[in-house]
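Below: the structure, in structure tokens.
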Amino acid sequence: MTFKEKTERAIVGQIVKRLLKYVKKDPDKNMPKLVGFAEMFVGKIFPSDNFRKLKEGAADPNNNWTGLAKKMITEIDENIVLKMILAFGLGAGVHGTKTVRANREKYDCNFPWVILMSPTSACNLRCKGCWAAEYDNKKELTYDEMDSIVTQGRELGTHFYMFTGGEPLIRKNDILKLCRKFQDCVFLVYTNSTLIDEKFCEEVKEVGNLTFALSIEGSEESNDARRGDGIHKTVLSKMELMKKHKLLYGISVCYTSQNLEAVTSDEFVDKMIEMGVKFSWYFNYMPVGAHAVPDLIPRVEQRKELYHWLRKVRNSKTGKKMFIVDFQNDGEYVGGCIAGGRNYFHVNPAGDIEPCVFIHFADSNIREHTLLQALNNPLFQEYYHNQPFNDNHLRPCPMLENPEKLREMIKKTGAKSTDFLAPEDVDTVCARCDKFAQAWKDEAQKLWDSTPHPNPKTQYYRDKKNNR
């Protein structure tokens with residue numbers, strides 16, 4: 001951080017401390033004032049209508065989002081709340097957003113708001129259908145390489161970093177070291193939770209800018225059928241430990257044709273809220289890797305049901321007090337696919353810079369290219385010039401819903417398979433998606449034409465003269 005940034009952070013930190021103390025005295029009355037403070041700092045970056053809606057919600061004690069905000073302030077450790085506001089709000093929201101937008105204009109290419117990396121390919125579980133299980137257990141990024149990714153990314157404007165694997169907490173000490181060094185950045189770990197213990201929880205409270213998405217998939221039966229006997233009980237026990245330490249954590253749910261009913265049940269969602277979960281990432285099963293099972297892709301009717309379920313559970317009046325995002329069915333809110341550096345990319349344990357964690361092809365590697373070079377290399381440029389891959393944002397992905405697009409980009413750029421054990425050509429990968437893509441096409445269009453949609457073409461997404 002520059003001296004100016006450190007000074008601003010110190011001033012804002014003191015103000016936030018006082019505001020949080022003030023809000024806690026009477027959340028119903030004082031919550032709108034917290035929104036007003038946020039508008040002072042980022043009101044020129046985001047649409048004013050966003051803050052109008054936030055203020056209306058904050059003034060309504062029966063609003064679900066207001067209820068969730070109160071839980072965040074009262075149920076999470078004060079140091080974590082403060083550090084997250086500074087890292088996510090000031091670092092990513094203010095400094096990051098401004099720099100990313102400026103660089104998109106300056107360099108005329110995609111610039112990510114989030115970078116995902118896999119510190120290691122090793123994992124202590126072998127979940128059915130998991131793409132990470134295809135990697136061998138001998139690949140890893142060094143600490144210096146991870147430090148370089150964050151250093152380069154921060155200079156480009158990226159202040160949000162996610163870790164996946166393998167099981168990233170095999171490298172928990174290096175992750176904590178990064179959190180301490182880059183306090184103006186937010187870090188999130190996708191984890192099976194088995195390596196979380198008392199000592200680690202204390203260290204997380206101290207660094208403050210680290211959060212988690214624990215893998216769990218519905219009931220004990222539906223979860224353990226994919227992840228192994230006893231894993232469901234283990235995850236719940238880790239949640240109890242994290243709740244005791246007042247950590248900030250959510251869940252990561254891979255939904256399949258077999259578990260969709262379980263992971264969308266009121267029983268499951270209510271249980272997660274009871275266990276202290278504040279957010280959840282839902283991921284459509286992707287048939288990646290030599291042992292992929294295309295039959296696990298949710299069926300067309302299931303996909304439609306999930307679309308409507310999401311809007312029901314997120315309703316401000318009748319929904320659930322948990323922030324739920326589905327990267328497949330929420331494409332309409334972000335203008336389609338966000339990969340290829342448009343809002344994120346993935347660095348695998350061998351250093352390959354992949355457009356998406358589910359698309360294992362690359363033409364760049366951190367050991368040979370800078371991140372800026374990768375964004376300007378052919379593969380990411382193809383993403384930049386072709387996004388969105390479909391005007392119907394309920395069909396966002398160039399692999400799952402538009403496999404002809406991925407075929408075209410990989411063949412045009414000559415990007416190589418990055419699968420460590422069984423490299424596959426793009427036709428083999430996309431063939432697993434062809435059947436679903438064709439079946440979903442007409443139904444997705446009917447759904448798109450029959451429902452209202454937001455306009456995602458904000459400053460985050462702009463049509464350019466040389467792309468779509």
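The chains in the structure tokens are called A, B, ... from first to last as shown; in each chain the residues are counted from 1, and the ligands are counted from 1 in the order shown.
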
Which residues come within 10 Å of stretch 146-152 of chain A, counting only C-alpha atoms, excluding same-chain residues fewer than 4 positions away, as a PDB file with all heavy atoms, in the first residue's frame?
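Written out: result.pdb:
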ATOM      1  N   ILE A 115      -9.221 -13.099  -8.811  1.00  0.00           N
ATOM      2  CA  ILE A 115      -8.311 -14.114  -9.338  1.00  0.00           C
ATOM      3  C   ILE A 115      -8.422 -15.354  -8.460  1.00  0.00           C
ATOM      4  O   ILE A 115      -8.330 -15.269  -7.226  1.00  0.00           O
ATOM      5  CB  ILE A 115      -6.860 -13.622  -9.390  1.00  0.00           C
ATOM      6  CG1 ILE A 115      -6.715 -12.508 -10.442  1.00  0.00           C
ATOM      7  CG2 ILE A 115      -5.902 -14.780  -9.723  1.00  0.00           C
ATOM      8  CD1 ILE A 115      -5.330 -11.895 -10.510  1.00  0.00           C
ATOM      9  N   LEU A 116      -8.637 -16.494  -9.098  1.00  0.00           N
ATOM     10  CA  LEU A 116      -8.728 -17.780  -8.404  1.00  0.00           C
ATOM     11  C   LEU A 116      -7.436 -18.547  -8.658  1.00  0.00           C
ATOM     12  O   LEU A 116      -6.947 -18.595  -9.785  1.00  0.00           O
ATOM     13  CB  LEU A 116      -9.928 -18.554  -8.954  1.00  0.00           C
ATOM     14  CG  LEU A 116     -10.260 -19.921  -8.360  1.00  0.00           C
ATOM     15  CD1 LEU A 116     -10.643 -19.792  -6.899  1.00  0.00           C
ATOM     16  CD2 LEU A 116     -11.405 -20.562  -9.146  1.00  0.00           C
ATOM     17  N   MET A 117      -6.873 -19.124  -7.611  1.00  0.00           N
ATOM     18  CA  MET A 117      -5.663 -19.934  -7.792  1.00  0.00           C
ATOM     19  C   MET A 117      -5.730 -21.199  -6.955  1.00  0.00           C
ATOM     20  O   MET A 117      -6.412 -21.252  -5.927  1.00  0.00           O
ATOM     21  CB  MET A 117      -4.412 -19.123  -7.447  1.00  0.00           C
ATOM     22  CG  MET A 117      -4.247 -18.761  -5.990  1.00  0.00           C
ATOM     23  SD  MET A 117      -2.719 -17.825  -5.667  1.00  0.00           S
ATOM     24  CE  MET A 117      -3.362 -16.153  -5.579  1.00  0.00           C
ATOM     25  N   SER A 118      -5.029 -22.219  -7.428  1.00  0.00           N
ATOM     26  CA  SER A 118      -4.965 -23.502  -6.729  1.00  0.00           C
ATOM     27  C   SER A 118      -3.549 -23.695  -6.205  1.00  0.00           C
ATOM     28  O   SER A 118      -2.642 -24.003  -6.984  1.00  0.00           O
ATOM     29  CB  SER A 118      -5.341 -24.652  -7.674  1.00  0.00           C
ATOM     30  OG  SER A 118      -6.685 -24.551  -8.076  1.00  0.00           O
ATOM     31  N   PRO A 119      -3.318 -23.522  -4.906  1.00  0.00           N
ATOM     32  CA  PRO A 119      -1.965 -23.651  -4.362  1.00  0.00           C
ATOM     33  C   PRO A 119      -1.390 -25.048  -4.510  1.00  0.00           C
ATOM     34  O   PRO A 119      -0.177 -25.215  -4.603  1.00  0.00           O
ATOM     35  CB  PRO A 119      -2.151 -23.302  -2.880  1.00  0.00           C
ATOM     36  CG  PRO A 119      -3.426 -22.544  -2.810  1.00  0.00           C
ATOM     37  CD  PRO A 119      -4.291 -23.125  -3.885  1.00  0.00           C
ATOM     38  N   LEU A 141       1.935 -24.494  -6.427  1.00  0.00           N
ATOM     39  CA  LEU A 141       2.535 -23.181  -6.566  1.00  0.00           C
ATOM     40  C   LEU A 141       3.400 -22.921  -5.338  1.00  0.00           C
ATOM     41  O   LEU A 141       3.014 -23.255  -4.223  1.00  0.00           O
ATOM     42  CB  LEU A 141       1.457 -22.103  -6.666  1.00  0.00           C
ATOM     43  CG  LEU A 141       0.446 -22.218  -7.812  1.00  0.00           C
ATOM     44  CD1 LEU A 141      -0.636 -21.155  -7.664  1.00  0.00           C
ATOM     45  CD2 LEU A 141       1.136 -22.092  -9.162  1.00  0.00           C
ATOM     46  N   THR A 142       4.562 -22.319  -5.533  1.00  0.00           N
ATOM     47  CA  THR A 142       5.377 -21.938  -4.390  1.00  0.00           C
ATOM     48  C   THR A 142       4.765 -20.705  -3.728  1.00  0.00           C
ATOM     49  O   THR A 142       3.939 -20.002  -4.335  1.00  0.00           O
ATOM     50  CB  THR A 142       6.814 -21.605  -4.810  1.00  0.00           C
ATOM     51  OG1 THR A 142       6.800 -20.416  -5.624  1.00  0.00           O
ATOM     52  CG2 THR A 142       7.431 -22.754  -5.605  1.00  0.00           C
ATOM     53  N   LEU A 156      -2.744  -4.373 -10.970  1.00  0.00           N
ATOM     54  CA  LEU A 156      -3.723  -4.269 -12.055  1.00  0.00           C
ATOM     55  C   LEU A 156      -5.101  -3.838 -11.543  1.00  0.00           C
ATOM     56  O   LEU A 156      -5.985  -3.521 -12.333  1.00  0.00           O
ATOM     57  CB  LEU A 156      -3.853  -5.609 -12.776  1.00  0.00           C
ATOM     58  CG  LEU A 156      -2.584  -6.164 -13.436  1.00  0.00           C
ATOM     59  CD1 LEU A 156      -2.869  -7.529 -14.064  1.00  0.00           C
ATOM     60  CD2 LEU A 156      -2.039  -5.204 -14.480  1.00  0.00           C
ATOM     61  N   GLY A 157      -5.287  -3.889 -10.213  1.00  0.00           N
ATOM     62  CA  GLY A 157      -6.559  -3.481  -9.627  1.00  0.00           C
ATOM     63  C   GLY A 157      -7.316  -4.590  -8.924  1.00  0.00           C
ATOM     64  O   GLY A 157      -8.370  -4.350  -8.334  1.00  0.00           O
ATOM     65  N   THR A 158      -6.809  -5.817  -8.969  1.00  0.00           N
ATOM     66  CA  THR A 158      -7.506  -6.954  -8.364  1.00  0.00           C
ATOM     67  C   THR A 158      -7.197  -7.032  -6.874  1.00  0.00           C
ATOM     68  O   THR A 158      -6.044  -7.193  -6.479  1.00  0.00           O
ATOM     69  CB  THR A 158      -7.099  -8.274  -9.051  1.00  0.00           C
ATOM     70  OG1 THR A 158      -7.283  -8.146 -10.461  1.00  0.00           O
ATOM     71  CG2 THR A 158      -7.930  -9.431  -8.530  1.00  0.00           C
ATOM     72  N   HIS A 159      -8.252  -6.948  -6.054  1.00  0.00           N
ATOM     73  CA  HIS A 159      -8.082  -7.006  -4.599  1.00  0.00           C
ATOM     74  C   HIS A 159      -8.856  -8.167  -3.970  1.00  0.00           C
ATOM     75  O   HIS A 159      -9.070  -8.176  -2.757  1.00  0.00           O
ATOM     76  CB  HIS A 159      -8.563  -5.690  -3.957  1.00  0.00           C
ATOM     77  CG  HIS A 159      -7.616  -4.548  -4.140  1.00  0.00           C
ATOM     78  ND1 HIS A 159      -7.350  -3.982  -5.373  1.00  0.00           N
ATOM     79  CD2 HIS A 159      -6.857  -3.842  -3.249  1.00  0.00           C
ATOM     80  CE1 HIS A 159      -6.496  -2.989  -5.234  1.00  0.00           C
ATOM     81  NE2 HIS A 159      -6.177  -2.886  -3.957  1.00  0.00           N
ATOM     82  N   PHE A 160      -9.269  -9.129  -4.777  1.00  0.00           N
ATOM     83  CA  PHE A 160     -10.053 -10.265  -4.277  1.00  0.00           C
ATOM     84  C   PHE A 160      -9.418 -11.539  -4.826  1.00  0.00           C
ATOM     85  O   PHE A 160      -9.272 -11.697  -6.049  1.00  0.00           O
ATOM     86  CB  PHE A 160     -11.505 -10.134  -4.736  1.00  0.00           C
ATOM     87  CG  PHE A 160     -12.481 -11.061  -4.035  1.00  0.00           C
ATOM     88  CD1 PHE A 160     -12.096 -11.945  -3.045  1.00  0.00           C
ATOM     89  CD2 PHE A 160     -13.830 -11.042  -4.390  1.00  0.00           C
ATOM     90  CE1 PHE A 160     -12.993 -12.784  -2.408  1.00  0.00           C
ATOM     91  CE2 PHE A 160     -14.751 -11.882  -3.776  1.00  0.00           C
ATOM     92  CZ  PHE A 160     -14.333 -12.751  -2.782  1.00  0.00           C
ATOM     93  N   TYR A 161      -9.040 -12.461  -3.923  1.00  0.00           N
ATOM     94  CA  TYR A 161      -8.350 -13.699  -4.312  1.00  0.00           C
ATOM     95  C   TYR A 161      -9.024 -14.897  -3.670  1.00  0.00           C
ATOM     96  O   TYR A 161      -9.310 -14.894  -2.474  1.00  0.00           O
ATOM     97  CB  TYR A 161      -6.864 -13.630  -3.921  1.00  0.00           C
ATOM     98  CG  TYR A 161      -6.165 -12.527  -4.666  1.00  0.00           C
ATOM     99  CD1 TYR A 161      -6.157 -11.228  -4.160  1.00  0.00           C
ATOM    100  CD2 TYR A 161      -5.580 -12.759  -5.904  1.00  0.00           C
ATOM    101  CE1 TYR A 161      -5.587 -10.187  -4.873  1.00  0.00           C
ATOM    102  CE2 TYR A 161      -4.992 -11.725  -6.621  1.00  0.00           C
ATOM    103  CZ  TYR A 161      -5.005 -10.450  -6.111  1.00  0.00           C
ATOM    104  OH  TYR A 161      -4.445  -9.426  -6.831  1.00  0.00           O
ATOM    105  N   ASP A 174       0.884 -20.690   4.308  1.00  0.00           N
ATOM    106  CA  ASP A 174       1.200 -19.752   3.232  1.00  0.00           C
ATOM    107  C   ASP A 174       0.017 -18.825   2.944  1.00  0.00           C
ATOM    108  O   ASP A 174       0.205 -17.640   2.645  1.00  0.00           O
ATOM    109  CB  ASP A 174       1.567 -20.518   1.953  1.00  0.00           C
ATOM    110  CG  ASP A 174       2.960 -21.120   2.029  1.00  0.00           C
ATOM    111  OD1 ASP A 174       3.789 -20.609   2.812  1.00  0.00           O
ATOM    112  OD2 ASP A 174       3.225 -22.103   1.313  1.00  0.00           O
ATOM    113  N   ILE A 175      -1.200 -19.354   3.046  1.00  0.00           N
ATOM    114  CA  ILE A 175      -2.388 -18.519   2.835  1.00  0.00           C
ATOM    115  C   ILE A 175      -2.477 -17.449   3.917  1.00  0.00           C
ATOM    116  O   ILE A 175      -2.742 -16.270   3.631  1.00  0.00           O
ATOM    117  CB  ILE A 175      -3.660 -19.392   2.802  1.00  0.00           C
ATOM    118  CG1 ILE A 175      -3.665 -20.239   1.522  1.00  0.00           C
ATOM    119  CG2 ILE A 175      -4.918 -18.529   2.875  1.00  0.00           C
ATOM    120  CD1 ILE A 175      -4.776 -21.265   1.454  1.00  0.00           C
ATOM    121  N   LYS A 177      -0.020 -16.204   5.555  1.00  0.00           N
ATOM    122  CA  LYS A 177       1.085 -15.274   5.303  1.00  0.00           C
ATOM    123  C   LYS A 177       0.686 -14.231   4.255  1.00  0.00           C
ATOM    124  O   LYS A 177       0.983 -13.035   4.399  1.00  0.00           O
ATOM    125  CB  LYS A 177       2.309 -16.063   4.842  1.00  0.00           C
ATOM    126  CG  LYS A 177       3.590 -15.253   4.733  1.00  0.00           C
ATOM    127  CD  LYS A 177       4.761 -16.170   4.368  1.00  0.00           C
ATOM    128  CE  LYS A 177       6.056 -15.380   4.200  1.00  0.00           C
ATOM    129  NZ  LYS A 177       7.195 -16.274   3.841  1.00  0.00           N
ATOM    130  N   LEU A 178      -0.007 -14.661   3.215  1.00  0.00           N
ATOM    131  CA  LEU A 178      -0.490 -13.734   2.193  1.00  0.00           C
ATOM    132  C   LEU A 178      -1.514 -12.765   2.774  1.00  0.00           C
ATOM    133  O   LEU A 178      -1.506 -11.571   2.469  1.00  0.00           O
ATOM    134  CB  LEU A 178      -1.116 -14.505   1.026  1.00  0.00           C
ATOM    135  CG  LEU A 178      -0.173 -15.267   0.101  1.00  0.00           C
ATOM    136  CD1 LEU A 178      -0.974 -16.125  -0.867  1.00  0.00           C
ATOM    137  CD2 LEU A 178       0.724 -14.311  -0.675  1.00  0.00           C
ATOM    138  N   LYS A 181       0.230 -10.065   4.723  1.00  0.00           N
ATOM    139  CA  LYS A 181       0.998  -9.127   3.884  1.00  0.00           C
ATOM    140  C   LYS A 181       0.087  -8.184   3.115  1.00  0.00           C
ATOM    141  O   LYS A 181       0.382  -6.991   2.985  1.00  0.00           O
ATOM    142  CB  LYS A 181       1.894  -9.896   2.917  1.00  0.00           C
ATOM    143  CG  LYS A 181       2.703  -8.985   2.001  1.00  0.00           C
ATOM    144  CD  LYS A 181       3.674  -9.762   1.131  1.00  0.00           C
ATOM    145  CE  LYS A 181       4.463  -8.805   0.240  1.00  0.00           C
ATOM    146  NZ  LYS A 181       5.443  -9.529  -0.619  1.00  0.00           N
ATOM    147  N   PHE A 182      -1.041  -8.709   2.598  1.00  0.00           N
ATOM    148  CA  PHE A 182      -1.918  -7.921   1.742  1.00  0.00           C
ATOM    149  C   PHE A 182      -3.243  -7.656   2.468  1.00  0.00           C
ATOM    150  O   PHE A 182      -4.278  -8.216   2.149  1.00  0.00           O
ATOM    151  CB  PHE A 182      -2.173  -8.652   0.422  1.00  0.00           C
ATOM    152  CG  PHE A 182      -0.933  -8.890  -0.393  1.00  0.00           C
ATOM    153  CD1 PHE A 182      -0.273 -10.116  -0.335  1.00  0.00           C
ATOM    154  CD2 PHE A 182      -0.413  -7.887  -1.207  1.00  0.00           C
ATOM    155  CE1 PHE A 182       0.877 -10.347  -1.085  1.00  0.00           C
ATOM    156  CE2 PHE A 182       0.728  -8.108  -1.954  1.00  0.00           C
ATOM    157  CZ  PHE A 182       1.385  -9.337  -1.895  1.00  0.00           C
ATOM    158  N   CYS A 185      -6.549  -6.624   0.698  1.00  0.00           N
ATOM    159  CA  CYS A 185      -7.156  -7.603  -0.204  1.00  0.00           C
ATOM    160  C   CYS A 185      -8.033  -8.572   0.586  1.00  0.00           C
ATOM    161  O   CYS A 185      -7.781  -8.841   1.766  1.00  0.00           O
ATOM    162  CB  CYS A 185      -6.090  -8.392  -0.964  1.00  0.00           C
ATOM    163  SG  CYS A 185      -5.095  -7.387  -2.096  1.00  0.00           S
ATOM    164  N   VAL A 347      -5.510 -19.771 -11.943  1.00  0.00           N
ATOM    165  CA  VAL A 347      -4.138 -20.242 -12.079  1.00  0.00           C
ATOM    166  C   VAL A 347      -4.060 -21.609 -11.424  1.00  0.00           C
ATOM    167  O   VAL A 347      -4.293 -21.737 -10.214  1.00  0.00           O
ATOM    168  CB  VAL A 347      -3.130 -19.284 -11.415  1.00  0.00           C
ATOM    169  CG1 VAL A 347      -1.701 -19.803 -11.611  1.00  0.00           C
ATOM    170  CG2 VAL A 347      -3.266 -17.873 -11.981  1.00  0.00           C
ATOM    171  N   GLY A 351       0.817 -23.627 -12.629  1.00  0.00           N
ATOM    172  CA  GLY A 351       1.076 -22.268 -13.080  1.00  0.00           C
ATOM    173  C   GLY A 351       0.358 -21.887 -14.356  1.00  0.00           C
ATOM    174  O   GLY A 351       0.497 -20.744 -14.827  1.00  0.00           O
ATOM    175  N   ILE A 366       2.328 -18.703 -15.519  1.00  0.00           N
ATOM    176  CA  ILE A 366       2.930 -17.645 -14.703  1.00  0.00           C
ATOM    177  C   ILE A 366       4.454 -17.744 -14.671  1.00  0.00           C
ATOM    178  O   ILE A 366       5.125 -16.764 -14.331  1.00  0.00           O
ATOM    179  CB  ILE A 366       2.392 -17.663 -13.256  1.00  0.00           C
ATOM    180  CG1 ILE A 366       2.691 -19.009 -12.569  1.00  0.00           C
ATOM    181  CG2 ILE A 366       0.913 -17.332 -13.212  1.00  0.00           C
ATOM    182  CD1 ILE A 366       2.481 -18.978 -11.070  1.00  0.00           C
ATOM    183  N   THR A 370       3.704 -12.705 -17.630  1.00  0.00           N
ATOM    184  CA  THR A 370       3.071 -11.899 -16.592  1.00  0.00           C
ATOM    185  C   THR A 370       1.558 -12.034 -16.756  1.00  0.00           C
ATOM    186  O   THR A 370       1.063 -12.507 -17.786  1.00  0.00           O
ATOM    187  CB  THR A 370       3.457 -10.419 -16.723  1.00  0.00           C
ATOM    188  OG1 THR A 370       2.919  -9.906 -17.955  1.00  0.00           O
ATOM    189  CG2 THR A 370       4.973 -10.243 -16.704  1.00  0.00           C
ATOM    190  N   LEU A 371       0.817 -11.610 -15.739  1.00  0.00           N
ATOM    191  CA  LEU A 371      -0.635 -11.668 -15.846  1.00  0.00           C
ATOM    192  C   LEU A 371      -1.132 -10.759 -16.967  1.00  0.00           C
ATOM    193  O   LEU A 371      -2.078 -11.113 -17.690  1.00  0.00           O
ATOM    194  CB  LEU A 371      -1.277 -11.250 -14.517  1.00  0.00           C
ATOM    195  CG  LEU A 371      -0.930 -12.097 -13.287  1.00  0.00           C
ATOM    196  CD1 LEU A 371      -1.773 -11.640 -12.088  1.00  0.00           C
ATOM    197  CD2 LEU A 371      -1.133 -13.582 -13.544  1.00  0.00           C
ATOM    198  N   LEU A 372      -0.515  -9.608 -17.133  1.00  0.00           N
ATOM    199  CA  LEU A 372      -0.922  -8.699 -18.199  1.00  0.00           C
ATOM    200  C   LEU A 372      -0.668  -9.308 -19.571  1.00  0.00           C
ATOM    201  O   LEU A 372      -1.485  -9.157 -20.489  1.00  0.00           O
ATOM    202  CB  LEU A 372      -0.174  -7.367 -18.065  1.00  0.00           C
ATOM    203  CG  LEU A 372      -0.567  -6.270 -19.055  1.00  0.00           C
ATOM    204  CD1 LEU A 372      -2.066  -5.975 -18.991  1.00  0.00           C
ATOM    205  CD2 LEU A 372       0.235  -4.993 -18.796  1.00  0.00           C
TER     206      LEU A 372
END

| request: Write down as an MDAnalysis selection string the residues of stretch 110-265 of chain A whose backbone DSSP state falls under helix (DSSP H, G or I). | output: chainID A and resid 131:134 143:156 168:181 198:207 220:227 231:244 260:263

| said: Applying 9 Å and only C-alpha atoms, which residues near stretch 279-292 of chain A remain after dropping the ones on its own chain fewer than 3 positions away? List them as number ranges by chain. | reply: A: 128-134, 213-214, 249-257, 273, 295-298, 321-329, 358-360, 399-400, 419, 421-424, 429, 432-433

Rows by chain and residue number, stretch 81-108 of chain A within 12 Å of stretch 186-196 of chain A, shortest pair, only C-alpha atoms, as a tab-separated table:
residue	atom	partner	partner_atom	distance
A:Val81	CA	A:Val186	CA	11.9
A:Lys83	CA	A:Val186	CA	8.9
A:Met84	CA	A:Val186	CA	7.0
A:Ile85	CA	A:Val186	CA	9.5
A:Leu86	CA	A:Val186	CA	9.1
A:Ala87	CA	A:Val186	CA	5.5
A:Phe88	CA	A:Val186	CA	5.8
A:Gly89	CA	A:Val186	CA	9.5
A:Leu90	CA	A:Val186	CA	10.5
A:Gly91	CA	A:Val186	CA	8.1
A:Ala92	CA	A:Val186	CA	7.5
A:Gly93	CA	A:Val186	CA	10.5
A:Gly96	CA	A:Val186	CA	11.0

| query | Which one is closest to A:Thr211: A:Trp309, A:Arg299, A:Ala122, A:Ile76? Count only C-alpha atoms. | reply |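 Closest candidate: A:Ile76.
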
| query | When DSSP works through the backbone of this structure, what residues of stretch 45-210 of chain A end up as strand (DSSP E or B), shown as a VMD selection string? | reply | chain A and resid 114 to 117 120 140 160 to 163 186 to 191 210

| said: For stretch 68-74 of chain A, find every residue with an atom within 9 Å (counting only C-alpha atoms), except residues of its own chain fewer than 5 positions away, and show them as a list in words. | reply: Leu20, Val23, Lys24, Pro27, Asp28, Met31, Ala58, Asn63, Val81, Leu248, Lys278, Lys320, Lys321, Met322 and Phe323 of chain A

| field | Surrounding residues of A:Met242 excluding itself and chain neighbours under 5 positions, 10 Å, only C-alpha atoms, as a list in words | value |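 The contact residues come out as Ile76, Ile196, Asp197, Glu198, Phe200, Cys201, Glu202, Val204, Leu236, Ser237, Leu247, Leu248, Tyr249, Met275, Gly276 and Val277 of chain A.
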
| field | Selected residue of minimal separation from A:Asp434 among A:Lys25, A:Lys405, A:Lys416, A:Lys17, counting only C-alpha atoms | value | A:Lys405

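From atom CA of A:Glu75 back to atom CA of A:Val12, the distance works out to 22.1 Å.
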
| task | Provide the atom CA of A:Gly165 to atom CA of A:Thr120 distance in Å, to one decimal place. | result | 5.7 Å

| task | Could you please determine the separation between atom CA of A:Val235 and atom CA of A:Leu169 in Å, to one decimal place? | result |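 Distance reported for this atom pair: 14.2 Å.
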
| request: Can you work out which one of A:Phe436, A:Pro403, A:Arg171, A:Gln373 has the shortest atom-to-atom distance to A:Gln302, counting only C-alpha atoms? | output: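 Of A:Phe436, A:Pro403, A:Arg171, A:Gln373, the one nearest A:Gln302, counting only C-alpha atoms, is A:Phe436.
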
| query | Using only C-alpha atoms, which of the listed residues (A:Leu19, A:Cys337, A:Ile231, A:Ala439) sits closest to A:Val35? | reply | A:Leu19

| task | Write out as a PyMOL selection string the residues lying within 10 Å of A:Pro454, counting only C-alpha atoms and excluding same-chain residues fewer than 5 positions away. | result | chain A and resi 332-335

| Residue nearest A:Lys317 - candidates A:Asp26, A:Asp60, A:Glu140, A:Asp449, atoms counted: only C-alpha atoms |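 Checking each of A:Asp26, A:Asp60, A:Glu140, A:Asp449 against A:Lys317, counting only C-alpha atoms, the winner is A:Asp60.
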
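Considering only C-alpha atoms, the residue among A:Gly319, A:Gly230, A:Gly153, A:Pro398 positioned nearest to A:Val114 is A:Gly153.
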